[in-house]
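Student: What follows is a single structure, and I will ask about it in a moment.
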Amino acid sequence: MAESVAEQTVQEYITHHLSFLTFGRTHDGHWGFAHTPEEAAEMGFWAVNVDTLGWSVFLGAAFLYFFYRVGKNASVDNPSGVQNFVESVVEFVDARVSESFNFKNELIGPLCLTLFFWILLMNTMDLVPVDWITGAFEWTAATAFNFEHAPFKIVPTTDPNITMGLSLSVFVLIIYYSIKHKGIGGFLGELAFHPFPKWMFIFNLMIEIPTLLAKPISLGLRLFGNLYAGELLFLLIAAMLGAYQLPAHFAWAAFHLLVIPLQAFVFMMLTIVYLNAAHETEAH
Amino acid sequence: MNFNATLLGQTISFIVFVWFCKRYVWPLFAAVLEERKKRIADGLEAAARAEKDLELAQNSATEQLKIAKTDAAGIIDQANKRASQIVDEAKEQAREEGQRIIAGAQAEIEQEVNRAKEALRAQVASIALAGAEKILEDSVDQAANEEMLNKLAAEL
């Protein structure tokens, strides 16, 4: 009996931590927060995960405001420590862009800087102990608003909506630049007349269209998968190891510390590579 | 994993953030980095120029030192020449002076000899006369012998 209660608790704990604070139209017609994952699913497309989107916007705005302030007070001769840090980030991104992007496009630098640092910050939220903010929010919601078991997810990149929102935007840019630089014909030709001779265009399309579509999906799901798995392991450690969880948390956090910047970097690098390919006009 | 409007929200935020970054953040750092790059390039160029200037200055210093050395050698040479000339002139003058002194002394000696001769001659005449008086024991007629005595004095 006690065991089953404990198991139930672990399952509930993890389910609770994996669900979103979704705002949308409930089945009885009024607008409000979903109280269960099932209710959130019933809300359909026109609902918003207030927690992940909120953290995402907050982190993005905070980092851009911070960079902006540092840039406004930047000094050429006597840079402060903060300025050195921000400059090294900007230079790092700029170096990757000039290495891998062979065309002139003023958008790529700022785009990649935003992607890299924003994703880095969103991933870093994974290192905040799983119950601190979530628990504080749950307690506040239950006490102040009589909203029991309110979920609150603080790592935006563990929400596929967030990662796919980024990767689909990049995908739109890929299509836009492909058509801009190759023309509609060139773009479609690349899909249809490659890699086999022209008369086999059916096969070419069967190969190239999935290749094209795989770009945004793999880009978004790679980031989501890595962070989701990381968070899930933190949750399992927190739920199952009880009082002995600290060293396990530490070990996983140390490993995850590599994944966090790596995934931000991979997302940025693939964006550069995809957009570079979109600018390439000559057939290969 | 159900998709909802969060996807759109994220896309819109992404567009706004990239726009903000491109419009306001990126240019600030591009400007600072560009300016610093320029200053470093200028500094390196100035250093190269200074090095070249230093080399030129060193060359000119060496050149001037060489000229100064040549000048100094010329001046010393001239001075030596002038010194030996002065010594030669002095020697010449000394010799001439010595010869003049010698000539003066010789003339004086000659004069002295002549004077002595003259005195001696007068004395010889009187000695001869006295001798003759003694020999003759008799006074010679002064007047008779006057002519002979004068002749004798003249012969001496």
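To be explicit about the labels: the chains of the structure tokens are called A, B, and onward in the order shown, and within each one the residues are counted from 1, while ligands get numbers from 1 in the order they are shown.
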I'd like a table as a Markdown table: residues in chain B with an atom no more than 10 Å from chain A, each row giving the shortest atom pair and its distance in Å to one decimal, only C-alpha atoms counted, sorted by chain and rising residue number.

Tutor:
```
| residue | atom | partner | partner_atom | distance |
| --- | --- | --- | --- | --- |
| B:Met1 | CA | A:Pro160 | CA | 7.2 |
| B:Asn2 | CA | A:Ala41 | CA | 6.5 |
| B:Phe3 | CA | A:Asn161 | CA | 5.9 |
| B:Asn4 | CA | A:Phe45 | CA | 3.9 |
| B:Ala5 | CA | A:Val48 | CA | 5.3 |
| B:Thr6 | CA | A:Val48 | CA | 4.8 |
| B:Leu7 | CA | A:Asn161 | CA | 4.5 |
| B:Leu8 | CA | A:Gly165 | CA | 6.6 |
| B:Gly9 | CA | A:Leu53 | CA | 7.1 |
| B:Gln10 | CA | A:Gly165 | CA | 5.4 |
| B:Thr11 | CA | A:Gly165 | CA | 4.9 |
| B:Ile12 | CA | A:Gly165 | CA | 8.6 |
| B:Ser13 | CA | A:Val57 | CA | 6.6 |
| B:Phe14 | CA | A:Leu166 | CA | 6.9 |
| B:Ile15 | CA | A:Ser169 | CA | 8.1 |
| B:Val16 | CA | A:Ala61 | CA | 9.7 |
| B:Phe17 | CA | A:Gly60 | CA | 7.0 |
| B:Val18 | CA | A:Leu111 | CA | 5.4 |
| B:Trp19 | CA | A:Pro110 | CA | 8.2 |
| B:Phe20 | CA | A:Leu64 | CA | 7.8 |
| B:Cys21 | CA | A:Pro110 | CA | 5.6 |
| B:Lys22 | CA | A:Pro110 | CA | 5.0 |
| B:Arg23 | CA | A:Pro110 | CA | 8.7 |
| B:Tyr24 | CA | A:Tyr68 | CA | 6.9 |
| B:Val25 | CA | A:Tyr68 | CA | 5.1 |
| B:Trp26 | CA | A:Pro110 | CA | 5.9 |
| B:Pro27 | CA | A:Gly71 | CA | 8.8 |
| B:Leu28 | CA | A:Gly71 | CA | 5.3 |
| B:Phe29 | CA | A:Gly71 | CA | 6.0 |
| B:Ala30 | CA | A:Val90 | CA | 8.7 |
| B:Ala31 | CA | A:Val76 | CA | 9.2 |
| B:Val32 | CA | A:Val76 | CA | 5.7 |
| B:Leu33 | CA | A:Val76 | CA | 7.6 |
| B:Glu34 | CA | A:Val76 | CA | 9.3 |
| B:Glu35 | CA | A:Val76 | CA | 6.9 |
| B:Arg36 | CA | A:Val76 | CA | 5.8 |
| B:Lys37 | CA | A:Val76 | CA | 9.6 |
| B:Arg39 | CA | A:Val76 | CA | 9.0 |
```

Student: Taking the backbone alone, and naming residues the way the document does, which bits of stretch 133-164 of chain A are alpha helix (DSSP H) by DSSP, as a list in words?

Tutor: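 DSSP-assigned alpha helix (DSSP H) residues in stretch 133-164 of chain A: Ile133, Thr134, Gly135, Ala136, Phe137, Glu138, Trp139, Thr140, Ala141, Ala142, Thr143, Ala144, Pro160, Asn161, Ile162, Thr163 and Met164 of chain A.
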
Student: Residues as selected, N, CA and C atoms, written as a PDB file, in the first residue's frame, can you do that?

Tutor:
```pdb
ATOM      1  N   ILE A 133      11.954  27.219  -8.158  1.00  0.00           N
ATOM      2  CA  ILE A 133      10.998  28.179  -8.714  1.00  0.00           C
ATOM      3  C   ILE A 133       9.639  27.518  -8.895  1.00  0.00           C
ATOM      4  N   THR A 134       9.682  26.270  -9.416  1.00  0.00           N
ATOM      5  CA  THR A 134       8.430  25.542  -9.633  1.00  0.00           C
ATOM      6  C   THR A 134       7.652  25.390  -8.324  1.00  0.00           C
ATOM      7  N   GLY A 135       8.385  24.987  -7.280  1.00  0.00           N
ATOM      8  CA  GLY A 135       7.743  24.784  -5.981  1.00  0.00           C
ATOM      9  C   GLY A 135       7.196  26.072  -5.412  1.00  0.00           C
ATOM     10  N   ALA A 136       7.991  27.137  -5.535  1.00  0.00           N
ATOM     11  CA  ALA A 136       7.551  28.433  -5.015  1.00  0.00           C
ATOM     12  C   ALA A 136       6.298  28.895  -5.746  1.00  0.00           C
ATOM     13  N   PHE A 137       6.274  28.676  -7.059  1.00  0.00           N
ATOM     14  CA  PHE A 137       5.106  29.084  -7.832  1.00  0.00           C
ATOM     15  C   PHE A 137       3.882  28.250  -7.438  1.00  0.00           C
ATOM     16  N   GLU A 138       4.109  26.940  -7.310  1.00  0.00           N
ATOM     17  CA  GLU A 138       2.993  26.041  -6.964  1.00  0.00           C
ATOM     18  C   GLU A 138       2.372  26.448  -5.625  1.00  0.00           C
ATOM     19  N   TRP A 139       3.272  26.737  -4.680  1.00  0.00           N
ATOM     20  CA  TRP A 139       2.804  27.128  -3.342  1.00  0.00           C
ATOM     21  C   TRP A 139       2.025  28.435  -3.416  1.00  0.00           C
ATOM     22  N   THR A 140       2.581  29.419  -4.169  1.00  0.00           N
ATOM     23  CA  THR A 140       1.923  30.719  -4.301  1.00  0.00           C
ATOM     24  C   THR A 140       0.555  30.569  -4.950  1.00  0.00           C
ATOM     25  N   ALA A 141       0.503  29.767  -6.035  1.00  0.00           N
ATOM     26  CA  ALA A 141      -0.762  29.592  -6.752  1.00  0.00           C
ATOM     27  C   ALA A 141      -1.804  28.926  -5.860  1.00  0.00           C
ATOM     28  N   ALA A 142      -1.353  27.930  -5.091  1.00  0.00           N
ATOM     29  CA  ALA A 142      -2.284  27.207  -4.226  1.00  0.00           C
ATOM     30  C   ALA A 142      -2.770  28.095  -3.090  1.00  0.00           C
ATOM     31  N   THR A 143      -1.863  28.890  -2.524  1.00  0.00           N
ATOM     32  CA  THR A 143      -2.223  29.710  -1.374  1.00  0.00           C
ATOM     33  C   THR A 143      -3.021  30.941  -1.780  1.00  0.00           C
ATOM     34  N   ALA A 144      -2.500  31.636  -2.791  1.00  0.00           N
ATOM     35  CA  ALA A 144      -3.097  32.929  -3.118  1.00  0.00           C
ATOM     36  C   ALA A 144      -4.269  32.809  -4.081  1.00  0.00           C
ATOM     37  N   PRO A 160       8.716  21.781 -26.864  1.00  0.00           N
ATOM     38  CA  PRO A 160       8.921  21.698 -28.321  1.00  0.00           C
ATOM     39  C   PRO A 160       8.361  22.909 -29.050  1.00  0.00           C
ATOM     40  N   ASN A 161       7.354  23.564 -28.471  1.00  0.00           N
ATOM     41  CA  ASN A 161       6.822  24.775 -29.103  1.00  0.00           C
ATOM     42  C   ASN A 161       7.902  25.839 -29.237  1.00  0.00           C
ATOM     43  N   ILE A 162       8.713  25.957 -28.188  1.00  0.00           N
ATOM     44  CA  ILE A 162       9.765  26.974 -28.183  1.00  0.00           C
ATOM     45  C   ILE A 162      10.842  26.625 -29.208  1.00  0.00           C
ATOM     46  N   THR A 163      11.341  25.386 -29.157  1.00  0.00           N
ATOM     47  CA  THR A 163      12.435  25.032 -30.067  1.00  0.00           C
ATOM     48  C   THR A 163      11.960  25.012 -31.513  1.00  0.00           C
ATOM     49  N   MET A 164      10.741  24.506 -31.733  1.00  0.00           N
ATOM     50  CA  MET A 164      10.238  24.478 -33.111  1.00  0.00           C
ATOM     51  C   MET A 164       9.908  25.886 -33.596  1.00  0.00           C
TER      52      MET A 164
END
```

Student: What is the atom CA of A:Ser218-atom CA of A:Glu38 distance in Å, reported with one decimal?

Tutor: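 So the answer is 27.0 Å.
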
Student: I'd like the contact shell of A:Ile179 - 12 Å cut-off, only C-alpha atoms, skipping same-chain residues fewer than 6 positions apart - returned as a list in words.

Tutor: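 Within the cut-off, the hits are Val172, Leu173, Gly185, Gly186, Phe187, Leu188, Gly189, Glu190, Leu275, Ala277, Ala278, His279, Glu280 and Thr281 of chain A.
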
Student: Using only C-alpha atoms, pick whichever of A:Phe193, A:Thr158, A:Leu120, A:Ile237 has the shortest atom-to-atom distance to A:Leu221.

Tutor: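 That would be A:Thr158, the residue with the smallest distance to A:Leu221.
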
Student: Compare A:Glu39, A:Glu231, A:Glu99, A:Glu208 by their minimum atom-to-atom distance to A:Asn123, counting only C-alpha atoms, and give me the closest one.

Tutor: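 Answer, going by the shortest atom-to-atom distance: A:Glu231.
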
Student: Under the rule that only C-alpha atoms are counted, which of B:Arg115, B:Glu133, B:Thr62, B:Ala122 is the nearest residue to B:Ala153?

Tutor: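 Once distances to B:Ala153 are computed over only C-alpha atoms, the minimum belongs to B:Ala122.
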